[in-house]
Amino acid sequence: MDDIKDNHFTDSELEELTDLYNAMLTMRDSTEMHKFFVDLCSINELHSLLHRWQIVRRIEQGKSYDEIIKEISPAEVPEDNTDKTEKKTTGRARGKARSSTKVSSTTISRVKKCLVNPEGGYRTALNRLNEQAENNKVQNNEET
């Protein structure tokens, strides 16, 4: 089980969760990952994941809770603006846009609490993305 310890899951669930993580790790690029997540999650779940990542990025930029809420919470979209007959590439009907879902200060607070943990997943992901960006910069400078 790759030493995953979490008292929120049974041993059996942890085994299957590890299998899910390993399946995610087989995706070769962001396009494949997107297809996997669209199949795995509902649109609302995907929006929730996206909102958390948007919060991470904005906290890193030093933005306030109010700025984050204002930037991430969607603008009002008229009801009749959604084409319910439109299909995604997966063949599933497209759901109504989450025009009324706002990011809460509670969500921002939870994300921030996780982000400050140096051993946490958000911090690990940000560090690796920063390393990739730095490596790409160095590589591009060497090529020119």
# chains A, B, ... in the order shown; residues from 1 in each chain; ligands from 1

$ residues_around --residues "segment 43-51 of chain A" --least-positions-apart "3" --cutoff "7 Å" --atoms "only C-alpha atoms" --output "PyMOL selection string"
chain A and resi 54-55+72

$ write_last_selection --atoms "C-alpha atoms" --output "CSV table (one decimal), in the first residue's frame"
chain,number,residue,atom,x,y,z
A,54,GLN,CA,-7.3,27.9,-7.9
A,55,ILE,CA,-7.3,28.7,-4.2
A,72,ILE,CA,-13.0,32.3,-8.3

$ closest_residue --among "A:Ala133, A:Leu20, A:Leu40, A:Ile59" --to "Val116 of chain A" --atoms "only C-alpha atoms"
A:Ile59

$ closest_residue --among "A:Ser30, A:Thr101, A:Thr124, A:Ser12" --to "Val56 of chain A" --atoms "only C-alpha atoms"
A:Thr124

$ closest_residue --among "A:Tyr21, A:Phe9, A:Phe37, A:Trp53" --to "Thr107 of chain A" --atoms "only C-alpha atoms"
A:Trp53

$ select_by_dssp --residues "chain A" --states "helix (DSSP H, G or I)" --output "NGL selection string"
:A and (11-25 or 30-40 or 43-60 or 65-72 or 79-81 or 105-115 or 121-143)

$ atom_distance --atom1 "atom CA of Gly62 of chain A" --atom2 "atom CA of Pro74 of chain A"
20.6 Å

$ closest_residue --among "A:Lys137, A:Arg28, A:Lys102, A:His8" --to "Arg52 of chain A" --atoms "only C-alpha atoms"
A:Lys102
